[in-house]
>>> print(open('start.cif').read())   # mmCIF, C-alpha atoms and all ligand atoms
data_input
#
loop_
_atom_site.label_atom_id
_atom_site.label_comp_id
_atom_site.auth_asym_id
_atom_site.auth_seq_id
_atom_site.Cartn_x
_atom_site.Cartn_y
_atom_site.Cartn_z
CA MET S 1 9.08 25.76 35.95
CA THR S 2 11.02 24.76 39.02
CA ASN S 3 10.74 21.00 39.01
CA GLN S 4 14.33 20.05 39.65
CA LEU S 5 14.78 17.80 42.63
CA ASN S 6 17.93 18.09 44.71
CA GLU S 7 19.34 16.83 48.00
CA THR S 8 16.88 18.98 50.02
CA HIS S 9 14.00 16.84 48.71
CA ASN S 10 15.56 13.52 49.73
CA PRO S 11 12.77 11.66 51.58
CA GLN S 12 15.36 9.90 53.76
CA LEU S 13 16.50 13.14 55.39
CA ARG S 14 15.70 13.47 59.07
CA SER S 15 16.24 16.41 61.36
CA TRP S 16 17.94 16.48 64.76
CA ILE S 17 14.77 18.27 65.85
CA ASP S 18 12.61 15.25 66.70
CA SER S 19 9.21 16.85 66.08
CA ALA S 20 10.17 17.40 62.42
CA ASN S 21 10.37 13.63 61.89
CA ARG S 22 6.80 12.84 62.93
CA ALA S 23 4.67 11.61 60.04
CA ASP S 24 1.91 14.12 60.82
CA SER S 25 4.17 17.18 61.02
CA ASP S 26 3.46 19.95 58.53
CA PHE S 27 7.09 21.01 58.70
CA PRO S 28 9.55 18.19 58.06
CA ILE S 29 13.07 19.09 56.96
CA GLN S 30 11.97 18.79 53.31
CA ASN S 31 9.57 21.74 53.74
CA LEU S 32 11.42 24.66 55.43
CA PRO S 33 8.84 27.43 54.85
CA PHE S 34 9.72 31.06 55.61
CA GLY S 35 7.82 33.38 57.93
CA VAL S 36 8.14 36.34 60.27
CA PHE S 37 7.76 35.84 64.01
CA ARG S 38 8.60 36.91 67.56
CA ARG S 39 7.88 35.63 71.06
CA ALA S 40 4.13 35.99 71.69
CA GLY S 41 3.15 39.00 73.75
CA SER S 42 6.66 40.45 73.65
CA GLU S 43 7.97 43.74 72.34
CA GLU S 44 10.75 41.96 70.43
CA ASN S 45 11.42 42.91 66.83
CA PHE S 46 9.83 40.61 64.29
CA ARG S 47 12.41 38.54 62.46
CA ILE S 48 12.62 35.94 59.72
CA GLY S 49 12.41 32.27 60.64
CA VAL S 50 11.80 28.87 59.13
CA ALA S 51 9.38 26.34 60.56
CA ILE S 52 10.93 23.00 61.46
CA GLY S 53 8.73 20.47 63.25
CA ASP S 54 6.95 22.34 66.05
CA GLN S 55 9.82 24.85 66.35
CA ILE S 56 11.05 27.99 64.60
CA LEU S 57 14.66 28.58 63.67
CA ASP S 58 15.54 32.27 63.87
CA LEU S 59 17.54 33.10 60.72
CA THR S 60 19.35 35.99 62.40
CA ILE S 61 20.79 33.42 64.81
CA ALA S 62 21.56 31.03 61.95
CA LEU S 63 23.39 33.91 60.30
CA GLN S 64 25.49 34.50 63.43
CA CYS S 65 26.30 30.77 63.47
CA ASP S 66 27.68 31.02 59.91
CA VAL S 67 25.04 28.66 58.50
CA PHE S 68 25.08 30.68 55.28
CA ALA S 69 28.85 31.17 55.09
CA GLU S 70 29.10 29.38 51.74
CA ILE S 71 26.61 31.66 50.03
CA ASN S 72 28.49 34.38 48.26
CA HIS S 73 25.98 37.19 48.02
CA ALA S 74 26.68 40.65 49.39
CA ALA S 75 23.07 41.52 50.16
CA LEU S 76 22.08 38.26 51.84
CA SER S 77 22.88 39.07 55.46
CA HIS S 78 21.04 42.38 55.18
CA ALA S 79 18.03 40.57 53.69
CA LEU S 80 17.99 37.93 56.44
CA ARG S 81 18.16 40.57 59.19
CA ALA S 82 15.10 42.38 57.85
CA PRO S 83 11.76 42.23 59.70
CA GLN S 84 10.00 41.05 56.52
CA LEU S 85 10.81 38.81 53.58
CA ASN S 86 10.71 41.42 50.80
CA ALA S 87 14.49 41.83 50.49
CA LEU S 88 15.07 38.07 50.44
CA MET S 89 12.27 37.67 47.90
CA ASP S 90 13.89 40.36 45.76
CA LEU S 91 17.21 38.47 45.65
CA GLY S 92 15.52 35.84 43.50
CA ASN S 93 14.75 32.17 43.85
CA GLN S 94 18.31 31.01 43.20
CA VAL S 95 19.47 32.75 46.36
CA ALA S 96 16.44 31.49 48.31
CA SER S 97 17.35 28.02 47.07
CA GLN S 98 20.91 28.37 48.43
CA VAL S 99 19.48 29.49 51.77
CA ARG S 100 17.21 26.43 51.77
CA LEU S 101 20.15 24.12 51.02
CA ALA S 102 22.24 25.62 53.83
CA LEU S 103 19.33 25.26 56.27
CA SER S 104 18.69 21.69 55.19
CA ARG S 105 22.35 20.83 55.85
CA ALA S 106 22.36 22.60 59.23
CA LEU S 107 19.14 20.99 60.43
CA ARG S 108 19.64 17.45 59.21
CA GLU S 109 20.52 14.54 61.42
CA GLY S 110 23.85 12.81 61.07
CA ALA S 111 26.07 15.78 60.32
CA GLU S 112 29.50 15.03 61.71
CA GLY S 113 32.45 16.99 63.02
CA ALA S 114 33.06 19.09 66.11
CA GLU S 115 32.21 22.29 64.27
CA ARG S 116 28.80 20.96 63.19
CA THR S 117 28.08 19.79 66.71
CA ALA S 118 28.88 23.23 68.08
CA THR S 119 26.64 24.90 65.51
CA GLN S 120 23.85 22.45 66.29
CA ALA S 121 24.10 23.25 70.00
CA GLN S 122 23.91 26.99 69.27
CA LEU S 123 20.96 26.61 66.91
CA SER S 124 19.22 24.26 69.31
CA ALA S 125 19.45 26.82 72.10
CA ALA S 126 17.96 29.49 69.84
CA LEU S 127 14.82 27.60 68.73
CA LEU S 128 11.43 28.97 69.66
CA ALA S 129 8.39 26.68 69.97
CA GLN S 130 5.67 27.66 67.51
CA SER S 131 3.21 27.50 70.41
CA GLU S 132 5.12 30.41 72.01
CA ALA S 133 5.32 32.55 68.88
CA GLU S 134 3.24 35.22 67.22
CA TYR S 135 3.47 36.12 63.57
CA ALA S 136 3.39 39.13 61.31
CA LEU S 137 2.68 39.29 57.59
CA PRO S 138 5.59 37.52 55.86
CA ALA S 139 6.10 40.47 53.55
CA GLN S 140 4.96 44.01 53.09
CA ILE S 141 2.39 43.48 50.36
CA GLY S 142 2.57 46.27 47.82
CA ASP S 143 -0.12 45.14 45.44
CA TYR S 144 -2.70 42.40 45.74
CA THR S 145 -4.49 40.80 42.81
CA ASP S 146 -7.20 38.20 43.27
CA PHE S 147 -7.95 35.76 40.47
CA TYR S 148 -10.86 33.42 39.82
CA THR S 149 -9.17 30.20 38.69
CA SER S 150 -11.68 27.53 39.73
CA ILE S 151 -14.13 26.95 36.91
CA HIS S 152 -16.29 24.98 39.34
CA HIS S 153 -16.56 28.02 41.62
CA ALA S 154 -17.04 30.43 38.72
CA THR S 155 -19.85 28.31 37.30
CA ALA S 156 -21.61 27.71 40.63
CA VAL S 157 -21.47 31.37 41.64
CA GLY S 158 -22.35 32.50 38.14
CA LYS S 159 -25.53 30.39 38.33
CA LEU S 160 -26.55 32.16 41.54
CA PHE S 161 -25.80 35.69 40.32
CA ARG S 162 -26.82 35.18 36.66
CA PRO S 163 -28.92 31.99 36.26
CA ASP S 164 -29.31 32.52 32.51
CA ASN S 165 -25.61 33.15 31.85
CA PRO S 166 -23.44 31.47 34.52
CA LEU S 167 -20.03 31.32 32.87
CA LEU S 168 -19.17 34.41 30.84
CA PRO S 169 -17.52 33.73 27.46
CA ASN S 170 -14.14 35.21 28.36
CA TYR S 171 -13.60 32.77 31.26
CA LYS S 172 -11.97 29.99 29.24
CA TRP S 173 -9.61 32.39 27.46
CA VAL S 174 -8.49 34.92 30.05
CA PRO S 175 -7.40 34.30 33.65
CA ILE S 176 -9.99 36.59 35.26
CA GLY S 177 -8.78 38.78 38.11
CA TYR S 178 -9.21 42.14 39.80
CA HIS S 179 -6.94 44.45 41.73
CA GLY S 180 -7.67 44.02 45.41
CA ARG S 181 -6.60 45.93 48.47
CA SER S 182 -3.46 45.02 50.39
CA SER S 183 -3.96 47.22 53.49
CA SER S 184 -6.57 44.94 55.03
CA ILE S 185 -4.63 41.69 54.55
CA ALA S 186 -3.51 40.31 57.92
CA VAL S 187 -1.82 37.20 59.23
CA SER S 188 -3.66 34.22 60.72
CA GLY S 189 -5.55 35.04 63.91
CA GLN S 190 -7.19 38.12 62.42
CA LYS S 191 -10.38 39.21 64.21
CA PHE S 192 -12.60 41.72 62.52
CA HIS S 193 -16.05 43.23 62.87
CA ARG S 194 -18.88 42.28 60.58
CA PRO S 195 -18.76 44.91 57.84
CA ILE S 196 -21.46 47.52 57.41
CA GLY S 197 -22.72 48.80 54.11
CA GLN S 198 -25.40 49.01 51.47
CA THR S 199 -27.43 46.02 50.41
CA MET S 200 -30.49 45.66 48.22
CA PRO S 201 -33.03 43.29 49.78
CA PRO S 202 -35.00 41.06 47.39
CA ASN S 203 -37.96 42.84 45.79
CA ALA S 204 -37.11 46.18 47.45
CA ASN S 205 -37.03 49.50 45.62
CA SER S 206 -34.13 51.05 47.49
CA PRO S 207 -31.12 49.73 49.38
CA VAL S 208 -30.82 49.42 53.14
CA PHE S 209 -27.81 50.35 55.26
CA GLY S 210 -26.53 48.12 58.06
CA PRO S 211 -24.41 45.10 58.93
CA ALA S 212 -23.88 42.57 56.14
CA LYS S 213 -26.06 39.49 56.61
CA ARG S 214 -24.44 37.04 54.20
CA MET S 215 -20.89 36.67 55.49
CA ASP S 216 -18.74 34.10 53.75
CA TYR S 217 -15.19 32.83 53.44
CA GLU S 218 -13.28 31.90 50.29
CA LEU S 219 -10.76 29.07 50.36
CA GLU S 220 -7.79 30.23 48.31
CA VAL S 221 -4.11 29.65 47.70
CA GLY S 222 -1.96 32.77 47.82
CA ALA S 223 1.29 33.35 45.91
CA PHE S 224 4.04 35.76 46.95
CA ILE S 225 6.00 37.31 44.11
CA GLY S 226 9.78 37.05 44.45
CA GLN S 227 11.96 38.98 42.05
CA GLY S 228 9.74 41.29 40.02
CA ASN S 229 9.84 42.56 36.44
CA ALA S 230 10.50 46.01 35.06
CA LEU S 231 7.54 48.15 34.03
CA GLY S 232 7.00 47.59 30.33
CA SER S 233 8.45 44.08 30.31
CA ALA S 234 6.54 40.79 30.36
CA ILE S 235 7.36 37.52 32.12
CA ASP S 236 7.53 34.51 29.80
CA ILE S 237 5.48 31.49 30.84
CA ASN S 238 8.66 29.41 31.10
CA GLU S 239 10.20 31.95 33.48
CA ALA S 240 7.07 32.66 35.49
CA GLU S 241 7.79 30.53 38.54
CA GLN S 242 11.26 32.03 38.89
CA HIS S 243 9.29 35.11 39.95
CA VAL S 244 7.16 33.32 42.57
CA PHE S 245 8.78 33.01 45.99
CA GLY S 246 6.20 30.62 47.40
CA LEU S 247 2.63 29.82 48.32
CA CYS S 248 0.45 30.15 51.42
CA LEU S 249 -3.22 29.84 52.37
CA LEU S 250 -5.64 32.72 51.94
CA ASN S 251 -9.12 33.31 53.31
CA ASP S 252 -10.71 35.99 51.16
CA TRP S 253 -13.62 36.96 53.43
CA SER S 254 -16.62 38.10 51.42
CA ALA S 255 -19.88 39.87 52.24
CA ARG S 256 -22.19 38.33 49.65
CA ASP S 257 -25.05 40.79 50.08
CA LEU S 258 -22.75 43.79 49.65
CA GLN S 259 -21.19 42.02 46.67
CA ALA S 260 -24.48 41.27 44.90
CA TRP S 261 -25.49 44.95 45.03
CA GLU S 262 -22.15 46.59 44.18
CA TYR S 263 -20.33 44.25 41.80
CA GLN S 264 -21.70 45.44 38.48
CA PRO S 265 -20.23 46.92 36.36
CA LEU S 266 -16.72 47.17 37.86
CA GLY S 267 -16.42 44.11 40.12
CA PRO S 268 -15.73 43.53 43.82
CA PHE S 269 -15.14 46.52 46.08
CA LEU S 270 -16.34 46.88 49.70
CA ALA S 271 -17.58 43.27 49.79
CA LYS S 272 -13.96 42.13 49.80
CA ASN S 273 -11.66 44.77 51.27
CA PHE S 274 -12.58 44.77 54.99
CA ALA S 275 -10.38 41.73 55.81
CA SER S 276 -8.34 39.00 54.11
CA THR S 277 -6.31 36.55 56.17
CA ILE S 278 -3.23 34.55 55.20
CA SER S 279 -1.25 31.75 56.84
CA PRO S 280 2.07 32.79 58.40
CA TRP S 281 4.35 30.36 56.54
CA VAL S 282 5.33 30.68 52.89
CA VAL S 283 6.11 27.29 51.33
CA THR S 284 8.59 27.77 48.52
CA ILE S 285 7.94 26.61 44.98
CA GLU S 286 11.12 24.56 45.33
CA ALA S 287 9.75 22.68 48.38
CA LEU S 288 6.64 21.82 46.35
CA ALA S 289 8.59 20.39 43.39
CA PRO S 290 7.94 16.70 44.24
CA TYR S 291 4.20 17.31 44.55
CA ARG S 292 3.46 18.63 41.08
CA LYS S 293 0.97 17.30 38.60
CA ALA S 294 0.34 17.56 34.91
CA TRP S 295 -1.87 20.51 34.03
CA GLN S 296 -4.69 19.59 31.73
CA ARG S 297 -7.27 21.42 29.70
CA ASP S 298 -10.36 19.55 28.55
CA GLU S 299 -10.13 18.82 24.81
CA GLN S 300 -13.62 20.28 24.33
CA ASP S 301 -12.46 23.61 25.77
CA PRO S 302 -10.48 26.35 24.04
CA GLN S 303 -6.76 25.71 24.45
CA PRO S 304 -4.68 28.54 25.92
CA LEU S 305 -3.27 31.18 23.60
CA ALA S 306 0.43 30.61 22.86
CA TYR S 307 1.71 33.02 25.55
CA LEU S 308 -0.08 30.95 28.23
CA GLU S 309 1.09 27.57 26.94
CA SER S 310 4.26 25.53 27.42
CA PRO S 311 5.34 21.86 27.46
CA THR S 312 6.45 22.01 31.12
CA LEU S 313 3.09 23.47 32.03
CA ARG S 314 1.45 20.41 30.49
CA SER S 315 3.81 17.95 32.19
CA ALA S 316 3.96 19.52 35.67
CA GLY S 317 2.23 22.91 35.80
CA ALA S 318 -0.23 22.10 38.59
CA PHE S 319 0.30 21.66 42.34
CA ASP S 320 -1.29 18.73 44.14
CA ILE S 321 -2.25 20.58 47.32
CA HIS S 322 -5.04 19.28 49.55
CA LEU S 323 -7.20 22.04 51.00
CA GLU S 324 -9.72 22.00 53.85
CA VAL S 325 -12.07 24.43 55.57
CA TRP S 326 -13.22 23.98 59.16
CA ILE S 327 -15.53 25.99 61.36
CA GLN S 328 -15.37 26.42 65.11
CA THR S 329 -18.44 28.25 66.37
CA GLU S 330 -18.53 30.22 69.59
CA LYS S 331 -20.63 27.42 71.11
CA MET S 332 -18.05 24.79 70.11
CA GLN S 333 -15.32 26.86 71.72
CA ARG S 334 -17.37 27.41 74.88
CA GLU S 335 -18.20 23.72 75.18
CA GLY S 336 -14.75 22.55 74.15
CA SER S 337 -16.05 20.55 71.19
CA ALA S 338 -13.97 19.94 68.11
CA ALA S 339 -14.17 22.06 64.98
CA HIS S 340 -16.33 20.82 62.12
CA ARG S 341 -14.97 20.30 58.60
CA LEU S 342 -17.09 22.12 56.04
CA SER S 343 -15.37 20.99 52.85
CA ARG S 344 -12.18 19.91 51.13
CA SER S 345 -10.79 20.36 47.66
CA ASN S 346 -7.51 20.23 45.75
CA PHE S 347 -5.55 23.04 44.09
CA SER S 348 -4.77 20.80 41.10
CA ASP S 349 -8.42 21.18 39.96
CA SER S 350 -7.69 24.83 39.17
CA TYR S 351 -8.49 25.88 35.58
CA TRP S 352 -5.43 28.17 35.41
CA THR S 353 -2.00 27.68 36.98
CA ILE S 354 0.18 30.04 39.02
CA SER S 355 2.58 30.42 36.08
CA GLN S 356 -0.28 31.43 33.78
CA LEU S 357 -1.46 34.02 36.31
CA VAL S 358 2.01 35.60 36.53
CA THR S 359 2.49 35.63 32.77
CA HIS S 360 -0.97 36.98 32.07
CA HIS S 361 -0.59 39.67 34.75
CA THR S 362 2.54 41.02 33.08
CA VAL S 363 1.74 40.45 29.40
CA ASN S 364 0.68 44.08 28.99
CA GLY S 365 3.87 45.35 30.64
CA CYS S 366 2.45 45.56 34.19
CA ASN S 367 5.28 45.27 36.71
CA LEU S 368 5.15 42.93 39.68
CA ARG S 369 7.34 43.64 42.68
CA ALA S 370 8.84 41.51 45.44
CA GLY S 371 6.18 40.90 48.07
CA ASP S 372 3.22 41.44 45.74
CA PHE S 373 0.52 38.94 46.42
CA LEU S 374 -1.75 36.95 44.09
CA GLY S 375 -4.86 35.10 45.24
CA SER S 376 -5.91 32.02 43.28
CA GLY S 377 -9.63 32.63 43.67
CA THR S 378 -11.91 30.26 45.56
CA GLN S 379 -10.77 26.68 45.08
CA SER S 380 -13.91 24.62 44.58
CA GLY S 381 -13.60 21.08 43.25
CA PRO S 382 -15.88 19.37 40.73
CA LEU S 383 -18.20 17.88 43.39
CA PRO S 384 -20.77 20.02 45.27
CA GLU S 385 -19.28 19.04 48.66
CA GLU S 386 -15.88 20.32 47.45
CA ALA S 387 -17.12 23.91 47.31
CA GLY S 388 -14.73 26.50 48.73
CA SER S 389 -17.38 28.93 50.02
CA LEU S 390 -20.61 28.81 52.04
CA LEU S 391 -22.43 30.54 49.20
CA GLU S 392 -21.96 27.36 47.19
CA LEU S 393 -22.34 24.88 50.07
CA SER S 394 -25.66 26.44 51.09
CA GLN S 395 -26.78 26.68 47.46
CA GLY S 396 -27.05 30.42 47.51
CA GLY S 397 -28.15 30.69 51.14
CA LYS S 398 -31.07 28.29 50.75
CA VAL S 399 -29.89 25.03 52.34
CA PRO S 400 -28.38 25.11 55.85
CA MET S 401 -25.31 23.07 56.69
CA SER S 402 -25.65 20.83 59.76
CA LEU S 403 -22.60 20.95 62.01
CA SER S 404 -21.31 18.10 64.17
CA ASN S 405 -22.61 19.67 67.41
CA GLY S 406 -26.14 20.08 66.05
CA GLU S 407 -25.83 23.75 65.09
CA GLN S 408 -26.66 24.89 61.59
CA ARG S 409 -25.07 27.47 59.34
CA ILE S 410 -26.05 29.15 56.10
CA PHE S 411 -23.51 31.96 56.39
CA ILE S 412 -20.93 32.86 59.06
CA GLU S 413 -22.33 33.98 62.42
CA ASP S 414 -20.70 36.38 64.88
CA GLY S 415 -18.11 34.55 66.97
CA ASP S 416 -17.40 31.88 64.35
CA THR S 417 -13.78 31.03 63.64
CA ILE S 418 -12.94 29.73 60.18
CA ILE S 419 -9.85 27.52 59.87
CA MET S 420 -8.18 26.55 56.60
CA ARG S 421 -5.50 23.93 56.17
CA GLY S 422 -3.42 22.75 53.26
CA TRP S 423 -0.78 20.12 52.62
CA ALA S 424 0.89 18.07 49.90
CA GLU S 425 1.62 14.38 50.15
CA LYS S 426 2.72 11.60 47.86
CA GLU S 427 3.54 7.97 48.43
CA GLY S 428 7.17 7.51 49.49
CA LEU S 429 7.56 11.20 50.30
CA PRO S 430 7.00 13.12 53.52
CA ARG S 431 3.86 15.18 53.83
CA ILE S 432 4.62 18.90 53.73
CA GLY S 433 2.03 21.30 55.10
CA PHE S 434 1.11 24.96 55.08
CA GLY S 435 0.03 25.05 58.71
CA GLN S 436 -3.26 26.86 59.01
CA VAL S 437 -4.97 30.19 58.64
CA THR S 438 -7.65 31.13 61.15
CA GLY S 439 -9.85 34.18 61.46
CA THR S 440 -12.81 35.19 63.60
CA LEU S 441 -15.86 37.30 62.80
CA LEU S 442 -16.86 39.74 65.56
CA THR S 443 -20.17 41.54 66.00
CA ALA S 444 -20.68 44.61 63.83
CA ARG S 445 -19.74 47.98 65.25
CA SER S 446 -22.85 50.00 66.03
CA THR S 447 -24.07 52.00 63.03
CA CA S 501 -11.68 35.71 46.08
#
>>> encode(input="start.cif", output="structure tokens", more="lines below")
Ligand code: CA
Amino acid sequence: MTNQLNETHNPQLRSWIDSANRADSDFPIQNLPFGVFRRAGSEENFRIGVAIGDQILDLTIALQCDVFAEINHAALSHALRAPQLNALMDLGNQVASQVRLALSRALREGAEGAERTATQAQLSAALLAQSEAEYALPAQIGDYTDFYTSIHHATAVGKLFRPDNPLLPNYKWVPIGYHGRSSSIAVSGQKFHRPIGQTMPPNANSPVFGPAKRMDYELEVGAFIGQGNALGSAIDINEAEQHVFGLCLLNDWSARDLQAWEYQPLGPFLAKNFASTISPWVVTIEALAPYRKAWQRDEQDPQPLAYLESPTLRSAGAFDIHLEVWIQTEKMQREGSAAHRLSRSNFSDSYWTISQLVTHHTVNGCNLRAGDFLGSGTQSGPLPEEAGSLLELSQGGKVPMSLSNGEQRIFIEDGDTIIMRGWAEKEGLPRIGFGQVTGTLLTARST
């Protein structure tokens, strides 16, 4: 596990970019998340940047300014000039850590010397305001696996789909997951049409064909794989996080009525693969080191098998990440009223950790590759109002949610925008955030 603190975590560090020093910034100098961006509406090539305050530092410019001159790695400059993060991810977390250190030194306040001042002036001139940027997927995602790590979500949804048998007996032994589809994953701002398909209405004898009626979101944390493993090899639990480049936010849009009809016996299919949206910035595991928590398993529950167990997992395996879901309806946007918060939860309530997911995924010899993406599964907390989906909040579509402007929702309506946010904070340390992921449901295409 990557829990070592170093000079990049120092809470006293301030940046010469003023907006990074504001207490409410998601991107202080201790964060430095990686993403892929260009000037909005331009035909520029996408390039790798880090978020700092309300700005983006272009790493191709940082490279020209010799910010990474002390890093002795032949493939680094090629990786940093790429239009996606895969090559940097593939260099491994030790190299990413050196890049982070160099950026921290270049962006911090108080650096002295004429040379540093000159570099600062060059970097300063090359910043792009995040408000003027557009983003692409941080990496080309080869394979996407979605897990199911919140026992609160699994139990609540299980009750709705199988009232007599909510939590299946394998749940507490195996991190449950399925292979998803990467082609329909897009970066924040995704707009997509309400999916069309087969559903089986209650008490009907045959299915109907048409637009899905029970559209939902799923509040998830996503993990990008860094350096992969060879086919046939397994990743040890104590090495697992060395293979995770970082985390982001994921909205795993779900059509509940398609899902209910199609999911047995092989699991999710068309209910899940029409759109999935992720936040543009990838917060590294290293940046999250100060915000870790002990991972616990209830004494009444089965304890993990040996390959999914380790002392560091117990002491600091979990991430204390606050998560929120907001809705902005078309009416709210039209009338200029604020978005409404639907729920909040915390990633540390997860039944399985990121390291256990990586280890379990590879225990049979399955190879992960740089840029592969893992979803945590819907992060619902122990309380009903901490549910990470509308299916749970509306108690299976029975109880409408009242929104702040007087509207009601059971499921997502056409024109609704769903916004997810996440951040970590701890007393005496700066808050580091994930930014946000937004997505909008459009009317179904005509059938
Ligand atoms: Ca999911």
>>> closest_residue(input="start.cif", among="S:Thr149, S:Gly267, S:His243, S:Val325", to="Phe347 of chain S", atoms="all atoms listed in the file")
S:Thr149
>>> residues_around(input="start.cif", residues="Cys248 of chain S", least_positions_apart="6", cutoff="12 Å", atoms="only C-alpha atoms", output="ChimeraX atom specification")
/S:33-35,137-139,187-188,219-225,277-285,288,321,323,347,373-376,420-423,433-437
>>> closest_residue(input="start.cif", among="S:Glu132, S:Asp26, S:Asp146, S:Glu43", to="ligand CA 501 (chain S)", atoms="only C-alpha atoms and all ligand atoms")
S:Asp146
>>> residues_around(input="start.cif", residues="Ile17 of chain S", least_positions_apart="2", cutoff="12 Å", atoms="all atoms listed in the file", output="short mmCIF file (atom, residue, chain, number, x, y, z; two decimals) with C-alpha atoms, in the frame of the given file")
data_model
loop_
_atom_site.label_atom_id
_atom_site.label_comp_id
_atom_site.auth_asym_id
_atom_site.auth_seq_id
_atom_site.Cartn_x
_atom_site.Cartn_y
_atom_site.Cartn_z
CA LEU S 13 16.50 13.14 55.39
CA ARG S 14 15.70 13.47 59.07
CA SER S 15 16.24 16.41 61.36
CA SER S 19 9.21 16.85 66.08
CA ALA S 20 10.17 17.40 62.42
CA ASN S 21 10.37 13.63 61.89
CA ARG S 22 6.80 12.84 62.93
CA SER S 25 4.17 17.18 61.02
CA PHE S 27 7.09 21.01 58.70
CA PRO S 28 9.55 18.19 58.06
CA ILE S 29 13.07 19.09 56.96
CA ALA S 51 9.38 26.34 60.56
CA ILE S 52 10.93 23.00 61.46
CA GLY S 53 8.73 20.47 63.25
CA ASP S 54 6.95 22.34 66.05
CA GLN S 55 9.82 24.85 66.35
CA ILE S 56 11.05 27.99 64.60
CA LEU S 57 14.66 28.58 63.67
CA SER S 104 18.69 21.69 55.19
CA ALA S 106 22.36 22.60 59.23
CA LEU S 107 19.14 20.99 60.43
CA ARG S 108 19.64 17.45 59.21
CA GLU S 109 20.52 14.54 61.42
CA GLY S 110 23.85 12.81 61.07
CA GLN S 120 23.85 22.45 66.29
CA ALA S 121 24.10 23.25 70.00
CA LEU S 123 20.96 26.61 66.91
CA SER S 124 19.22 24.26 69.31
CA ALA S 125 19.45 26.82 72.10
CA LEU S 127 14.82 27.60 68.73
CA LEU S 128 11.43 28.97 69.66
CA ALA S 129 8.39 26.68 69.97
#
>>> closest_residue(input="start.cif", among="S:Glu7, S:Asp416, S:Glu262, S:Asp216", to="ligand CA 501 (chain S)", atoms="all atoms listed in the file")
S:Asp216
>>> residues_near_ligand(input="start.cif", ligand="ligand CA 501 (chain S)", cutoff="12 Å", atoms="all atoms listed in the file", output="number ranges by chain")
S: 144-150, 153-154, 157, 176-181, 216-222, 250-256, 259, 267-269, 271-273, 275-277, 374-380, 388-389
>>> write_last_selection(input="start.cif", atoms="C-alpha atoms", output="compact mmCIF listing (two decimals), keeping the file's coordinate frame")
# COMPACT_ATOMS: atom_id res chain seq x y z
CA TYR S 144 -2.70 42.40 45.74
CA THR S 145 -4.49 40.80 42.81
CA ASP S 146 -7.20 38.20 43.27
CA PHE S 147 -7.95 35.76 40.47
CA TYR S 148 -10.86 33.42 39.82
CA THR S 149 -9.17 30.20 38.69
CA SER S 150 -11.68 27.53 39.73
CA HIS S 153 -16.56 28.02 41.62
CA ALA S 154 -17.04 30.43 38.72
CA VAL S 157 -21.47 31.37 41.64
CA ILE S 176 -9.99 36.59 35.26
CA GLY S 177 -8.78 38.78 38.11
CA TYR S 178 -9.21 42.14 39.80
CA HIS S 179 -6.94 44.45 41.73
CA GLY S 180 -7.67 44.02 45.41
CA ARG S 181 -6.60 45.93 48.47
CA ASP S 216 -18.74 34.10 53.75
CA TYR S 217 -15.19 32.83 53.44
CA GLU S 218 -13.28 31.90 50.29
CA LEU S 219 -10.76 29.07 50.36
CA GLU S 220 -7.79 30.23 48.31
CA VAL S 221 -4.11 29.65 47.70
CA GLY S 222 -1.96 32.77 47.82
CA LEU S 250 -5.64 32.72 51.94
CA ASN S 251 -9.12 33.31 53.31
CA ASP S 252 -10.71 35.99 51.16
CA TRP S 253 -13.62 36.96 53.43
CA SER S 254 -16.62 38.10 51.42
CA ALA S 255 -19.88 39.87 52.24
CA ARG S 256 -22.19 38.33 49.65
CA GLN S 259 -21.19 42.02 46.67
CA GLY S 267 -16.42 44.11 40.12
CA PRO S 268 -15.73 43.53 43.82
CA PHE S 269 -15.14 46.52 46.08
CA ALA S 271 -17.58 43.27 49.79
CA LYS S 272 -13.96 42.13 49.80
CA ASN S 273 -11.66 44.77 51.27
CA ALA S 275 -10.38 41.73 55.81
CA SER S 276 -8.34 39.00 54.11
CA THR S 277 -6.31 36.55 56.17
CA LEU S 374 -1.75 36.95 44.09
CA GLY S 375 -4.86 35.10 45.24
CA SER S 376 -5.91 32.02 43.28
CA GLY S 377 -9.63 32.63 43.67
CA THR S 378 -11.91 30.26 45.56
CA GLN S 379 -10.77 26.68 45.08
CA SER S 380 -13.91 24.62 44.58
CA GLY S 388 -14.73 26.50 48.73
CA SER S 389 -17.38 28.93 50.02
>>> closest_residue(input="start.cif", among="S:Glu286, S:Ala126, S:Ala82, S:Leu103", to="Arg39 of chain S", atoms="only C-alpha atoms")
S:Ala126
>>> closest_residue(input="start.cif", among="S:Leu441, S:Leu270, S:Val174, S:Leu247", to="Gly197 of chain S", atoms="all atoms listed in the file")
S:Leu270
>>> closest_residue(input="start.cif", among="S:His340, S:Tyr171, S:Tyr291, S:Val363", to="Ala240 of chain S", atoms="all atoms listed in the file")
S:Val363
>>> residues_around(input="start.cif", residues="segment 234-236 of chain S", least_positions_apart="3", cutoff="10 Å", atoms="only C-alpha atoms", output="MDAnalysis selection string")
chainID S and resid 228:231 239:243 307:310 355:356 358:368
